[in-house]
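**Q** Here you go, structure17.cif (mmCIF, C-alpha atoms):
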data_model
#
loop_
_atom_site.label_atom_id
_atom_site.label_comp_id
_atom_site.auth_asym_id
_atom_site.auth_seq_id
_atom_site.Cartn_x
_atom_site.Cartn_y
_atom_site.Cartn_z
CA MET E 47 90.29 287.65 145.89
CA SER E 48 89.24 291.27 146.18
CA ALA E 49 87.41 292.71 143.23
CA ASP E 50 86.88 289.29 141.77
CA LEU E 51 83.19 288.75 141.60
CA ALA E 52 82.50 285.23 140.36
CA HIS E 53 80.64 285.37 137.06
CA HIS E 54 77.64 283.46 138.34
CA PHE E 55 76.81 286.10 140.94
CA ASP E 56 74.98 289.36 140.24
CA SER E 57 76.57 291.31 143.05
CA TYR E 58 79.12 291.14 145.85
CA GLU E 59 76.24 291.10 148.29
CA GLN E 60 74.73 288.00 146.68
CA GLN E 61 78.16 286.36 146.59
CA ALA E 62 78.75 287.09 150.29
CA LYS E 63 75.33 285.78 151.32
CA SER E 64 75.81 282.60 149.30
CA ALA E 65 79.25 282.02 150.81
CA SER E 66 77.98 282.39 154.36
CA LEU E 67 74.96 280.18 153.64
CA GLY E 68 77.29 277.51 152.25
CA VAL E 69 79.39 277.53 155.40
CA TRP E 70 76.21 277.26 157.49
CA VAL E 71 75.10 274.18 155.54
CA PHE E 72 78.49 272.64 156.36
CA LEU E 73 78.08 273.61 160.02
CA VAL E 74 74.69 271.85 160.11
CA THR E 75 76.45 268.62 159.11
CA GLU E 76 78.91 269.35 161.93
CA ILE E 77 76.00 269.71 164.37
CA MET E 78 74.89 266.20 163.40
CA PHE E 79 78.50 264.95 163.61
CA PHE E 80 78.97 266.14 167.21
CA GLY E 81 75.30 265.34 167.86
CA GLY E 82 76.03 261.60 167.71
CA LEU E 83 78.52 261.95 170.57
CA PHE E 84 76.12 264.13 172.55
CA THR E 85 73.42 261.47 172.08
CA ALA E 86 75.78 258.79 173.41
CA TYR E 87 76.63 261.07 176.33
CA ILE E 88 72.95 261.66 177.28
CA LEU E 89 72.21 257.96 177.02
CA TYR E 90 75.08 256.74 179.20
CA ARG E 91 74.86 259.55 181.70
CA SER E 92 71.20 258.74 182.33
CA LYS E 93 72.17 255.09 182.69
CA TYR E 94 75.24 255.48 184.93
CA PRO E 95 74.90 258.88 186.68
CA GLU E 96 77.27 257.92 189.54
CA ALA E 97 80.08 257.03 187.16
CA PHE E 98 79.72 260.40 185.42
CA ILE E 99 79.95 262.20 188.77
CA ALA E 100 83.04 260.15 189.66
CA GLY E 101 84.61 260.84 186.25
CA SER E 102 83.82 264.54 186.32
CA HIS E 103 85.56 264.88 189.70
CA GLN E 104 88.79 263.62 188.12
CA LEU E 105 88.94 266.66 185.84
CA ASP E 106 90.68 269.93 186.72
CA ILE E 107 87.87 272.48 187.00
CA ALA E 108 90.30 275.43 187.20
CA LEU E 109 92.02 274.52 183.91
CA GLY E 110 88.64 273.82 182.31
CA THR E 111 87.23 277.20 183.33
CA PHE E 112 90.39 279.02 182.25
CA ASN E 113 90.29 277.27 178.88
CA THR E 114 86.65 278.29 178.43
CA ALA E 115 87.66 281.91 179.02
CA VAL E 116 90.57 281.55 176.56
CA LEU E 117 88.19 280.26 173.89
CA ILE E 118 85.69 283.09 174.48
CA CYS E 119 88.56 285.60 174.12
CA SER E 120 89.55 283.90 170.85
CA SER E 121 85.97 284.26 169.60
CA LEU E 122 86.12 287.99 170.29
CA THR E 123 89.43 288.38 168.42
CA MET E 124 88.00 286.29 165.55
CA ALA E 125 84.90 288.52 165.38
CA MET E 126 87.22 291.55 165.40
CA ALA E 127 89.28 290.05 162.56
CA VAL E 128 86.11 289.69 160.46
CA ARG E 129 85.08 293.24 161.36
CA SER E 130 88.52 294.54 160.35
CA ALA E 131 88.18 292.67 157.04
CA GLN E 132 84.79 294.33 156.44
CA LEU E 133 86.47 297.69 157.01
CA GLY E 134 89.48 296.72 154.88
CA LYS E 135 92.03 297.39 157.64
CA ARG E 136 94.75 294.95 156.66
CA THR E 137 97.11 295.48 159.64
CA ALA E 138 94.23 295.01 162.05
CA ILE E 139 93.09 291.79 160.30
CA VAL E 140 96.57 290.28 160.60
CA GLY E 141 96.83 291.39 164.24
CA PHE E 142 93.50 289.91 165.24
CA LEU E 143 94.18 286.70 163.29
CA MET E 144 97.52 286.34 165.11
CA ALA E 145 95.79 286.91 168.46
CA THR E 146 93.22 284.24 167.58
CA ILE E 147 95.97 281.79 166.56
CA LEU E 148 97.78 282.49 169.84
CA LEU E 149 94.64 281.97 171.96
CA GLY E 150 93.68 278.83 170.03
CA SER E 151 97.16 277.40 170.56
CA THR E 152 96.98 278.28 174.26
CA PHE E 153 93.74 276.30 174.50
CA LEU E 154 95.36 273.31 172.78
CA GLY E 155 98.43 273.55 175.03
CA ILE E 156 96.30 273.49 178.18
CA LYS E 157 94.25 270.62 176.75
CA ALA E 158 97.48 268.67 176.14
CA THR E 159 98.56 269.33 179.75
CA GLU E 160 95.21 267.97 180.97
CA TYR E 161 95.57 264.88 178.77
CA HIS E 162 99.03 264.32 180.24
CA HIS E 163 97.62 264.51 183.78
CA LYS E 164 95.04 261.87 182.84
CA TRP E 165 97.80 259.66 181.44
CA VAL E 166 99.80 259.93 184.69
CA GLU E 167 96.67 259.26 186.76
CA HIS E 168 95.81 256.06 184.82
CA LEU E 169 92.58 257.55 183.50
CA ILE E 170 93.15 256.71 179.83
CA PRO E 171 90.67 253.93 178.93
CA GLY E 172 92.41 250.62 178.39
CA GLU E 173 94.56 248.03 180.13
CA SER E 174 95.91 250.27 182.89
CA PHE E 175 92.77 252.31 183.55
CA HIS E 176 92.28 252.70 187.28
CA LEU E 177 89.92 255.02 189.14
CA ASP E 178 91.21 255.81 192.62
CA GLU E 179 88.04 255.05 194.59
CA ALA E 180 89.56 256.28 197.86
CA HIS E 181 89.21 259.92 196.80
CA LEU E 182 85.70 260.01 195.46
CA PRO E 183 83.32 262.83 196.36
CA THR E 184 81.31 262.64 199.58
CA HIS E 185 78.01 264.24 200.51
CA HIS E 186 77.60 265.19 204.19
CA GLY E 187 80.37 262.79 205.11
CA LYS E 188 79.05 259.70 203.35
CA PRO E 189 80.16 258.58 199.88
CA VAL E 190 77.85 259.61 197.06
CA LEU E 191 78.83 256.65 195.02
CA SER E 192 78.20 253.00 195.54
CA ASP E 193 78.52 250.01 193.28
CA LEU E 194 75.89 250.16 190.64
CA PRO E 195 73.31 247.58 189.76
CA THR E 196 73.91 245.99 186.40
CA GLY E 197 71.95 247.72 183.68
CA ILE E 198 70.10 246.32 180.71
CA VAL E 199 73.12 246.52 178.45
CA GLY E 200 75.43 245.69 181.33
CA GLU E 201 75.40 241.93 181.45
CA SER E 202 76.15 241.38 177.83
CA ARG E 203 78.79 243.75 176.52
CA ALA E 204 79.38 247.06 178.28
CA ASP E 205 80.71 245.43 181.43
CA ALA E 206 83.10 243.03 179.77
CA PRO E 207 86.42 243.85 181.40
CA LEU E 208 89.04 245.18 179.04
CA SER E 209 91.82 243.63 181.08
CA THR E 210 91.88 240.25 182.77
CA ALA E 211 91.79 241.83 186.22
CA PRO E 212 88.33 241.90 187.78
CA ARG E 213 86.95 245.38 188.19
CA SER E 214 83.90 246.88 189.80
CA ASP E 215 80.99 248.25 187.82
CA LEU E 216 82.02 251.76 188.85
CA GLN E 217 85.47 251.21 187.34
CA ALA E 218 83.97 249.99 184.06
CA HIS E 219 81.34 252.72 183.87
CA THR E 220 83.80 255.50 184.72
CA GLN E 221 86.01 254.16 181.98
CA LEU E 222 83.02 254.65 179.69
CA TYR E 223 82.84 258.28 180.85
CA PHE E 224 86.50 258.70 179.90
CA PHE E 225 85.90 257.14 176.48
CA LEU E 226 83.33 259.89 175.93
CA TYR E 227 85.60 262.55 177.49
CA PHE E 228 88.48 261.76 175.14
CA GLY E 229 86.19 261.21 172.17
CA MET E 230 84.38 264.50 172.56
CA THR E 231 87.29 266.72 173.62
CA GLY E 232 89.57 264.97 171.11
CA LEU E 233 87.20 265.63 168.23
CA HIS E 234 86.86 269.21 169.45
CA ALA E 235 90.64 269.60 169.65
CA LEU E 236 90.97 268.23 166.11
CA HIS E 237 88.57 270.94 164.95
CA MET E 238 90.66 273.53 166.79
CA ILE E 239 93.85 272.32 165.07
CA ILE E 240 92.14 272.58 161.67
CA GLY E 241 90.85 276.03 162.69
CA VAL E 242 94.34 277.26 163.59
CA GLY E 243 95.56 275.94 160.22
CA LEU E 244 92.82 277.90 158.41
CA LEU E 245 93.74 281.06 160.33
CA VAL E 246 97.41 280.69 159.34
CA TRP E 247 96.27 280.22 155.74
CA LEU E 248 94.40 283.58 155.92
CA LEU E 249 97.47 285.52 157.11
CA SER E 250 99.15 285.98 153.74
CA PRO E 251 96.14 287.22 151.71
CA SER E 252 95.15 289.44 154.64
CA SER E 253 98.54 291.14 154.77
CA LYS E 254 98.37 291.67 150.99
CA GLY E 255 95.13 293.56 151.42
CA LYS E 256 92.94 291.05 149.59
CA PHE E 257 89.95 291.52 151.88
CA ASP E 258 87.64 294.52 151.94
CA ALA E 259 83.98 295.50 152.29
CA ASP E 260 83.13 293.77 149.00
CA ASN E 261 84.95 290.54 149.55
CA HIS E 262 85.82 289.25 152.99
CA ASN E 263 84.10 285.90 152.50
CA TYR E 264 87.10 283.72 153.40
CA VAL E 265 87.59 285.53 156.71
CA GLU E 266 83.84 285.40 157.40
CA GLY E 267 83.68 281.67 156.59
CA VAL E 268 86.63 280.73 158.79
CA GLY E 269 85.11 282.96 161.48
CA LEU E 270 81.80 281.07 161.34
CA TYR E 271 83.68 277.77 161.71
CA TRP E 272 85.76 279.10 164.61
CA HIS E 273 82.68 280.35 166.49
CA PHE E 274 80.95 277.01 165.91
CA VAL E 275 83.87 275.17 167.50
CA ASP E 276 83.62 277.62 170.41
CA ILE E 277 79.91 276.76 170.82
CA VAL E 278 80.70 273.03 170.94
CA TRP E 279 83.05 273.74 173.85
CA ILE E 280 80.41 275.92 175.54
CA PHE E 281 78.30 272.73 175.82
CA LEU E 282 81.19 270.31 176.48
CA PHE E 283 82.48 272.30 179.46
CA PRO E 284 79.43 271.98 181.77
CA LEU E 285 78.65 268.44 180.54
CA LEU E 286 82.12 267.09 181.28
CA TYR E 287 83.55 269.27 184.06
CA LEU E 288 80.57 270.34 186.14
CA VAL E 289 78.68 267.09 186.84
CA GLY E 290 77.61 266.76 190.49
CA ARG E 291 80.17 269.23 191.83
CA HIS E 292 78.03 270.23 194.82
CA GLY E 293 78.09 268.36 198.13
CA MET Y 488 84.03 300.50 145.51
CA THR Y 489 81.45 299.72 148.15
CA THR Y 490 78.62 298.05 146.33
CA SER Y 491 77.70 295.60 149.08
CA SER Y 492 75.36 296.43 151.91
CA ILE Y 493 77.25 294.63 154.65
CA HIS Y 494 76.38 295.19 158.26
CA VAL Y 495 79.40 296.15 160.34
CA VAL Y 496 78.51 295.33 163.94
CA PRO Y 497 79.36 298.19 166.34
CA LEU Y 498 82.39 297.51 168.55
CA ARG Y 499 80.26 298.17 171.65
CA VAL Y 500 77.99 295.21 170.80
CA TYR Y 501 80.94 292.82 170.46
CA LEU Y 502 82.42 293.90 173.79
CA LEU Y 503 79.04 293.57 175.50
CA VAL Y 504 78.55 290.04 174.13
CA PHE Y 505 82.12 289.15 175.16
CA ALA Y 506 81.57 290.42 178.73
CA SER Y 507 78.24 288.56 178.97
CA LEU Y 508 79.91 285.30 177.87
CA LEU Y 509 82.57 285.62 180.58
CA VAL Y 510 79.99 286.47 183.26
CA LEU Y 511 77.82 283.51 182.22
CA THR Y 512 80.86 281.20 182.37
CA ALA Y 513 81.59 282.33 185.93
CA THR Y 514 77.89 281.90 186.80
CA THR Y 515 77.69 278.34 185.47
CA VAL Y 516 80.79 277.32 187.48
CA ALA Y 517 79.46 278.99 190.66
CA VAL Y 518 75.99 277.42 190.32
CA ALA Y 519 77.54 273.96 189.83
CA PHE Y 520 78.73 274.06 193.47
CA VAL Y 521 75.22 274.79 194.79
CA ASP Y 522 72.97 271.77 195.33
CA LEU Y 523 69.82 272.36 193.29
CA GLY Y 524 69.03 268.70 192.72
CA THR Y 525 68.02 267.94 189.14
CA LEU Y 526 67.78 271.69 188.51
CA ASN Y 527 71.61 271.79 188.34
CA ASN Y 528 71.47 270.18 184.90
CA VAL Y 529 68.66 272.43 183.72
CA VAL Y 530 70.48 275.59 184.81
CA ALA Y 531 73.81 274.47 183.30
CA MET Y 532 72.17 273.67 179.94
CA ALA Y 533 70.08 276.87 179.98
CA ILE Y 534 73.21 278.98 180.54
CA ALA Y 535 75.05 277.10 177.78
CA ALA Y 536 72.10 277.67 175.44
CA VAL Y 537 72.06 281.42 176.17
CA LYS Y 538 75.84 281.60 175.56
CA ALA Y 539 75.48 279.70 172.28
CA MET Y 540 72.62 282.02 171.27
CA LEU Y 541 74.76 285.12 171.92
CA VAL Y 542 77.60 283.72 169.80
CA VAL Y 543 75.26 282.70 166.95
CA LEU Y 544 73.28 285.96 166.86
CA PHE Y 545 76.14 288.45 167.17
CA PHE Y 546 79.58 286.88 166.54
CA MET Y 547 78.13 284.77 163.70
CA HIS Y 548 75.96 287.67 162.45
CA VAL Y 549 72.76 285.61 162.23
CA ARG Y 550 70.81 288.55 163.69
CA TYR Y 551 71.81 290.48 160.53
CA SER Y 552 71.65 287.57 158.07
CA THR Y 553 68.91 286.44 155.71
CA ARG Y 554 65.94 284.41 156.93
CA LEU Y 555 67.20 281.54 154.78
CA THR Y 556 70.24 281.24 157.10
CA GLY Y 557 67.91 281.00 160.09
CA LEU Y 558 65.88 278.32 158.31
CA VAL Y 559 69.01 276.24 157.61
CA ILE Y 560 70.10 276.46 161.26
CA GLY Y 561 66.58 275.68 162.47
CA SER Y 562 66.31 272.59 160.27
CA GLY Y 563 69.72 271.44 161.52
CA LEU Y 564 68.61 271.70 165.14
CA PHE Y 565 65.33 269.97 164.24
CA ALA Y 566 67.24 267.02 162.74
CA LEU Y 567 69.39 266.91 165.89
CA ALA Y 568 66.26 266.82 168.05
CA ILE Y 569 64.91 263.91 165.99
CA MET Y 570 68.16 261.97 166.39
CA ILE Y 571 68.38 262.51 170.16
CA GLY Y 572 64.63 262.26 170.79
CA LEU Y 573 63.96 259.05 168.90
CA THR Y 574 67.10 257.38 170.27
CA LEU Y 575 66.06 258.18 173.84
CA ILE Y 576 62.48 257.03 173.20
CA ASP Y 577 63.91 253.70 172.04
CA TYR Y 578 66.21 253.22 175.05
CA ALA Y 579 63.72 254.52 177.62
CA THR Y 580 60.98 252.12 176.57
CA ARG Y 581 62.95 248.91 175.99
CA GLY Y 582 61.78 247.35 179.24
CA TRP Y 583 58.10 248.10 178.61
CA LEU Y 584 57.23 245.14 176.46
CA GLY Y 585 58.18 241.55 176.99
CA VAL Y 586 60.05 239.95 174.13
CA SER Y 587 58.94 236.40 173.41
CA GLY Y 588 61.74 233.89 173.56
CA LYS Y 589 63.93 236.13 175.71
#
Reformat the file's structure so that it appears as structure tokens.

**A**
Amino acid sequence: MSADLAHHFDSYEQQAKSASLGVWVFLVTEIMFFGGLFTAYILYRSKYPEAFIAGSHQLDIALGTFNTAVLICSSLTMAMAVRSAQLGKRTAIVGFLMATILLGSTFLGIKATEYHHKWVEHLIPGESFHLDEAHLPTHHGKPVLSDLPTGIVGESRADAPLSTAPRSDLQAHTQLYFFLYFGMTGLHALHMIIGVGLLVWLLSPSSKGKFDADNHNYVEGVGLYWHFVDIVWIFLFPLLYLVGRHG
Amino acid sequence: MTTSSIHVVPLRVYLLVFASLLVLTATTVAVAFVDLGTLNNVVAMAIAAVKAMLVVLFFMHVRYSTRLTGLVIGSGLFALAIMIGLTLIDYATRGWLGVSGK
């Protein structure tokens, strides 16, 4: 990889700028990809705010905050890996890549633990979904949540019970929150898994000293992707974990 | 052979950005427990936007990149705004007009 300047580029600088621009074009498609889920989130949260407060209170805020910190640390080690590649320090690149892999895996491990909690608590959407309404948040001693009026979409499809058992609107709407929770965090986790795979793929060429000031485009590109995935989480965290926590 | 004019970001800048991101994370969690009414959402999204900006500008080197990169990102966000904006305009105004035969 080092010292191989593709024939259609005039200089390493041009090659590097093109590579980073290409990754950015890909990331723009990713913005639109996640954007669809964010649109669905905005729509349903504005429609069923109480259900989103109820759902958010089922999440573990301590684990969520810790995971956010883990991901920010991994972004720093990723940035340091790119910097080491720019300086051609091969041992440092490998070290920082390993640290990033470790932190990324820690995030995924904690995420898996949270998913398991949700499974045990019957919060996976489907037949056995059940929101424990006895432990919902209160504001000055009185419950914040009450059964919701049926919305515009409500009567036709969104409220159709998934099981034969009758369930309240709050149950159905909170289930919708968890559909979004698993959809959004699941898609994010999938990106993390792919990211960890890309980092592992970089280890071998890094240790062989293939990256230097002229050509560190692979490390830079994976770095851009990794930081993007971090940014998605920066928005997911407050939107999913921090809804209506006061009171 | 150092023919390229790459910009190596000083270590101090990375550490400063890193510390800011952690402080902002702690802030957003702390503010979530204070009742600000609808402002809670605004503050949470503003903090997230600042954090994203820090990552994009420094960790993703956009501050040191070409203007073309900025244009690509800007057009991406513009397309996102169209998708979210027009969808919400649709849903928010569905009750405004009567539909004959409904």

**Q** Convert the output of the PyMOL selection byres ((chain E) within 7 of (chain Y)) on the shown file into explicit residues, formatted as number ranges by chain.

**A** E: 58-59, 67, 71, 74, 78, 81, 85, 89, 115, 122, 125, 129, 132, 259-260, 270, 273, 277, 280-281, 284, 288, 291-293

**Q** Segment 97-99 of chain E: which residues within 10 Å, counting only C-alpha atoms, same-chain residues fewer than 5 positions away excluded, as a short mmCIF file (atom, residue, chain, number, x, y, z; two decimals) with C-alpha atoms, in the coordinates of the input?

**A**
data_model
loop_
_atom_site.label_atom_id
_atom_site.label_comp_id
_atom_site.auth_asym_id
_atom_site.auth_seq_id
_atom_site.Cartn_x
_atom_site.Cartn_y
_atom_site.Cartn_z
CA TYR E 87 76.63 261.07 176.33
CA TYR E 90 75.08 256.74 179.20
CA ARG E 91 74.86 259.55 181.70
CA SER E 92 71.20 258.74 182.33
CA GLN E 104 88.79 263.62 188.12
CA LEU E 182 85.70 260.01 195.46
CA PRO E 183 83.32 262.83 196.36
CA VAL E 190 77.85 259.61 197.06
CA LEU E 191 78.83 256.65 195.02
CA SER E 192 78.20 253.00 195.54
CA ASP E 193 78.52 250.01 193.28
CA LEU E 194 75.89 250.16 190.64
CA ASP E 215 80.99 248.25 187.82
CA LEU E 216 82.02 251.76 188.85
CA GLN E 217 85.47 251.21 187.34
CA ALA E 218 83.97 249.99 184.06
CA HIS E 219 81.34 252.72 183.87
CA THR E 220 83.80 255.50 184.72
CA GLN E 221 86.01 254.16 181.98
CA LEU E 222 83.02 254.65 179.69
CA TYR E 223 82.84 258.28 180.85
CA PHE E 224 86.50 258.70 179.90
CA LEU E 285 78.65 268.44 180.54
CA LEU E 286 82.12 267.09 181.28
CA TYR E 287 83.55 269.27 184.06
CA LEU E 288 80.57 270.34 186.14
CA VAL E 289 78.68 267.09 186.84
CA GLY E 290 77.61 266.76 190.49
CA ARG E 291 80.17 269.23 191.83
#

**Q** Which residues come within 7 Å of segment 148-162 of chain E, counting all atoms listed in the file, excluding same-chain residues fewer than 4 positions away, as an mmCIF file with C-alpha atoms, in the coordinates of the input?

**A**
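Result saved to result-v2.cif:
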data_model
loop_
_atom_site.group_PDB
_atom_site.id
_atom_site.type_symbol
_atom_site.label_atom_id
_atom_site.label_comp_id
_atom_site.auth_asym_id
_atom_site.auth_seq_id
_atom_site.Cartn_x
_atom_site.Cartn_y
_atom_site.Cartn_z
ATOM 1 C CA ASN E 113 90.290 277.270 178.880
ATOM 2 C CA VAL E 116 90.570 281.550 176.560
ATOM 3 C CA LEU E 117 88.190 280.260 173.890
ATOM 4 C CA SER E 120 89.550 283.900 170.850
ATOM 5 C CA MET E 144 97.520 286.340 165.110
ATOM 6 C CA VAL E 166 99.800 259.930 184.690
ATOM 7 C CA ALA E 235 90.640 269.600 169.650
ATOM 8 C CA MET E 238 90.660 273.530 166.790
ATOM 9 C CA VAL E 242 94.340 277.260 163.590
#

**Q** Report, in Å with one decimal, the straight-line distance from atom CA of Trp279 of chain E to atom CA of Leu526 of chain Y.

**A** 21.3 Å

**Q** The PyMOL selection byres ((chain E and resi 135) around 10) on the file shown: which residues, as a list of chain:residue names?

**A** E:Ala127, E:Arg129, E:Ser130, E:Ala131, E:Gln132, E:Leu133, E:Gly134, E:Arg136, E:Thr137, E:Ala138, E:Ile139, E:Val140, E:Ser252, E:Ser253, E:Gly255, E:Phe257, E:Asp258, E:Ala259

**Q** Would you export the selected residues with C-alpha atoms as a PDB file, keeping the file's coordinate frame, please?

**A**
ATOM      1  CA  ALA E 127      89.280 290.050 162.560  1.00  0.00           C
ATOM      2  CA  ARG E 129      85.080 293.240 161.360  1.00  0.00           C
ATOM      3  CA  SER E 130      88.520 294.540 160.350  1.00  0.00           C
ATOM      4  CA  ALA E 131      88.180 292.670 157.040  1.00  0.00           C
ATOM      5  CA  GLN E 132      84.790 294.330 156.440  1.00  0.00           C
ATOM      6  CA  LEU E 133      86.470 297.690 157.010  1.00  0.00           C
ATOM      7  CA  GLY E 134      89.480 296.720 154.880  1.00  0.00           C
ATOM      8  CA  ARG E 136      94.750 294.950 156.660  1.00  0.00           C
ATOM      9  CA  THR E 137      97.110 295.480 159.640  1.00  0.00           C
ATOM     10  CA  ALA E 138      94.230 295.010 162.050  1.00  0.00           C
ATOM     11  CA  ILE E 139      93.090 291.790 160.300  1.00  0.00           C
ATOM     12  CA  VAL E 140      96.570 290.280 160.600  1.00  0.00           C
ATOM     13  CA  SER E 252      95.150 289.440 154.640  1.00  0.00           C
ATOM     14  CA  SER E 253      98.540 291.140 154.770  1.00  0.00           C
ATOM     15  CA  GLY E 255      95.130 293.560 151.420  1.00  0.00           C
ATOM     16  CA  PHE E 257      89.950 291.520 151.880  1.00  0.00           C
ATOM     17  CA  ASP E 258      87.640 294.520 151.940  1.00  0.00           C
ATOM     18  CA  ALA E 259      83.980 295.500 152.290  1.00  0.00           C
TER      19      ALA E 259
END

**Q** To test your reading of the syntax: which residues would the PyMOL selection byres ((chain E and resi 247) around 12) return for the file shown? Reply as a VMD selection string.

**A** chain E and resid 140 143 to 144 147 240 to 246 248 to 253 264 to 265 268

**Q** So how many Å separate atom CA of Leu558 of chain Y and atom CA of Ser57 of chain E, to one decimal?

**A**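 Taking atom CA of Leu558 of chain Y as the start and atom CA of Ser57 of chain E as the end point, the length is 22.7 Å.
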
**Q** Could I get segment 516-537 of chain Y rebuilt with N, CA and C atoms, written as a PDB file, in the coordinates of the input?

**A**
ATOM      1  N   VAL Y 516      79.866 278.005 186.566  1.00  0.00           N
ATOM      2  CA  VAL Y 516      80.790 277.320 187.480  1.00  0.00           C
ATOM      3  C   VAL Y 516      80.305 277.491 188.926  1.00  0.00           C
ATOM      4  N   ALA Y 517      79.908 278.718 189.292  1.00  0.00           N
ATOM      5  CA  ALA Y 517      79.460 278.990 190.660  1.00  0.00           C
ATOM      6  C   ALA Y 517      78.211 278.171 190.995  1.00  0.00           C
ATOM      7  N   VAL Y 518      77.250 278.138 190.070  1.00  0.00           N
ATOM      8  CA  VAL Y 518      75.990 277.420 190.320  1.00  0.00           C
ATOM      9  C   VAL Y 518      76.229 275.920 190.470  1.00  0.00           C
ATOM     10  N   ALA Y 519      77.266 275.397 189.781  1.00  0.00           N
ATOM     11  CA  ALA Y 519      77.540 273.960 189.830  1.00  0.00           C
ATOM     12  C   ALA Y 519      77.860 273.504 191.260  1.00  0.00           C
ATOM     13  N   PHE Y 520      78.358 274.431 192.099  1.00  0.00           N
ATOM     14  CA  PHE Y 520      78.730 274.060 193.470  1.00  0.00           C
ATOM     15  C   PHE Y 520      77.569 274.204 194.446  1.00  0.00           C
ATOM     16  N   VAL Y 521      76.417 274.667 193.944  1.00  0.00           N
ATOM     17  CA  VAL Y 521      75.220 274.790 194.790  1.00  0.00           C
ATOM     18  C   VAL Y 521      74.304 273.616 194.482  1.00  0.00           C
ATOM     19  N   ASP Y 522      73.816 272.946 195.539  1.00  0.00           N
ATOM     20  CA  ASP Y 522      72.970 271.770 195.330  1.00  0.00           C
ATOM     21  C   ASP Y 522      71.543 272.183 194.983  1.00  0.00           C
ATOM     22  N   LEU Y 523      71.178 272.031 193.718  1.00  0.00           N
ATOM     23  CA  LEU Y 523      69.820 272.360 193.290  1.00  0.00           C
ATOM     24  C   LEU Y 523      69.065 271.106 192.859  1.00  0.00           C
ATOM     25  N   GLY Y 524      69.651 269.951 193.157  1.00  0.00           N
ATOM     26  CA  GLY Y 524      69.030 268.700 192.720  1.00  0.00           C
ATOM     27  C   GLY Y 524      69.102 268.571 191.207  1.00  0.00           C
ATOM     28  N   THR Y 525      68.019 268.120 190.602  1.00  0.00           N
ATOM     29  CA  THR Y 525      68.020 267.940 189.140  1.00  0.00           C
ATOM     30  C   THR Y 525      68.096 269.285 188.416  1.00  0.00           C
ATOM     31  N   LEU Y 526      67.739 270.367 189.142  1.00  0.00           N
ATOM     32  CA  LEU Y 526      67.780 271.690 188.510  1.00  0.00           C
ATOM     33  C   LEU Y 526      69.190 272.086 188.086  1.00  0.00           C
ATOM     34  N   ASN Y 527      70.231 271.476 188.720  1.00  0.00           N
ATOM     35  CA  ASN Y 527      71.610 271.790 188.340  1.00  0.00           C
ATOM     36  C   ASN Y 527      71.832 271.595 186.837  1.00  0.00           C
ATOM     37  N   ASN Y 528      71.323 270.460 186.328  1.00  0.00           N
ATOM     38  CA  ASN Y 528      71.470 270.180 184.900  1.00  0.00           C
ATOM     39  C   ASN Y 528      70.725 271.190 184.053  1.00  0.00           C
ATOM     40  N   VAL Y 529      69.500 271.494 184.481  1.00  0.00           N
ATOM     41  CA  VAL Y 529      68.660 272.430 183.720  1.00  0.00           C
ATOM     42  C   VAL Y 529      69.341 273.791 183.626  1.00  0.00           C
ATOM     43  N   VAL Y 530      69.837 274.278 184.787  1.00  0.00           N
ATOM     44  CA  VAL Y 530      70.480 275.590 184.810  1.00  0.00           C
ATOM     45  C   VAL Y 530      71.737 275.592 183.939  1.00  0.00           C
ATOM     46  N   ALA Y 531      72.566 274.542 184.075  1.00  0.00           N
ATOM     47  CA  ALA Y 531      73.810 274.470 183.300  1.00  0.00           C
ATOM     48  C   ALA Y 531      73.520 274.496 181.793  1.00  0.00           C
ATOM     49  N   MET Y 532      72.500 273.732 181.368  1.00  0.00           N
ATOM     50  CA  MET Y 532      72.170 273.670 179.940  1.00  0.00           C
ATOM     51  C   MET Y 532      71.516 274.979 179.465  1.00  0.00           C
ATOM     52  N   ALA Y 533      70.714 275.600 180.350  1.00  0.00           N
ATOM     53  CA  ALA Y 533      70.080 276.870 179.980  1.00  0.00           C
ATOM     54  C   ALA Y 533      71.147 277.948 179.772  1.00  0.00           C
ATOM     55  N   ILE Y 534      72.132 277.992 180.680  1.00  0.00           N
ATOM     56  CA  ILE Y 534      73.210 278.980 180.540  1.00  0.00           C
ATOM     57  C   ILE Y 534      73.999 278.718 179.263  1.00  0.00           C
ATOM     58  N   ALA Y 535      74.312 277.443 179.003  1.00  0.00           N
ATOM     59  CA  ALA Y 535      75.050 277.100 177.780  1.00  0.00           C
ATOM     60  C   ALA Y 535      74.255 277.521 176.546  1.00  0.00           C
ATOM     61  N   ALA Y 536      72.930 277.316 176.583  1.00  0.00           N
ATOM     62  CA  ALA Y 536      72.100 277.670 175.440  1.00  0.00           C
ATOM     63  C   ALA Y 536      72.092 279.191 175.209  1.00  0.00           C
ATOM     64  N   VAL Y 537      72.033 279.949 176.303  1.00  0.00           N
ATOM     65  CA  VAL Y 537      72.060 281.420 176.170  1.00  0.00           C
ATOM     66  C   VAL Y 537      73.405 281.860 175.579  1.00  0.00           C
TER      67      VAL Y 537
END
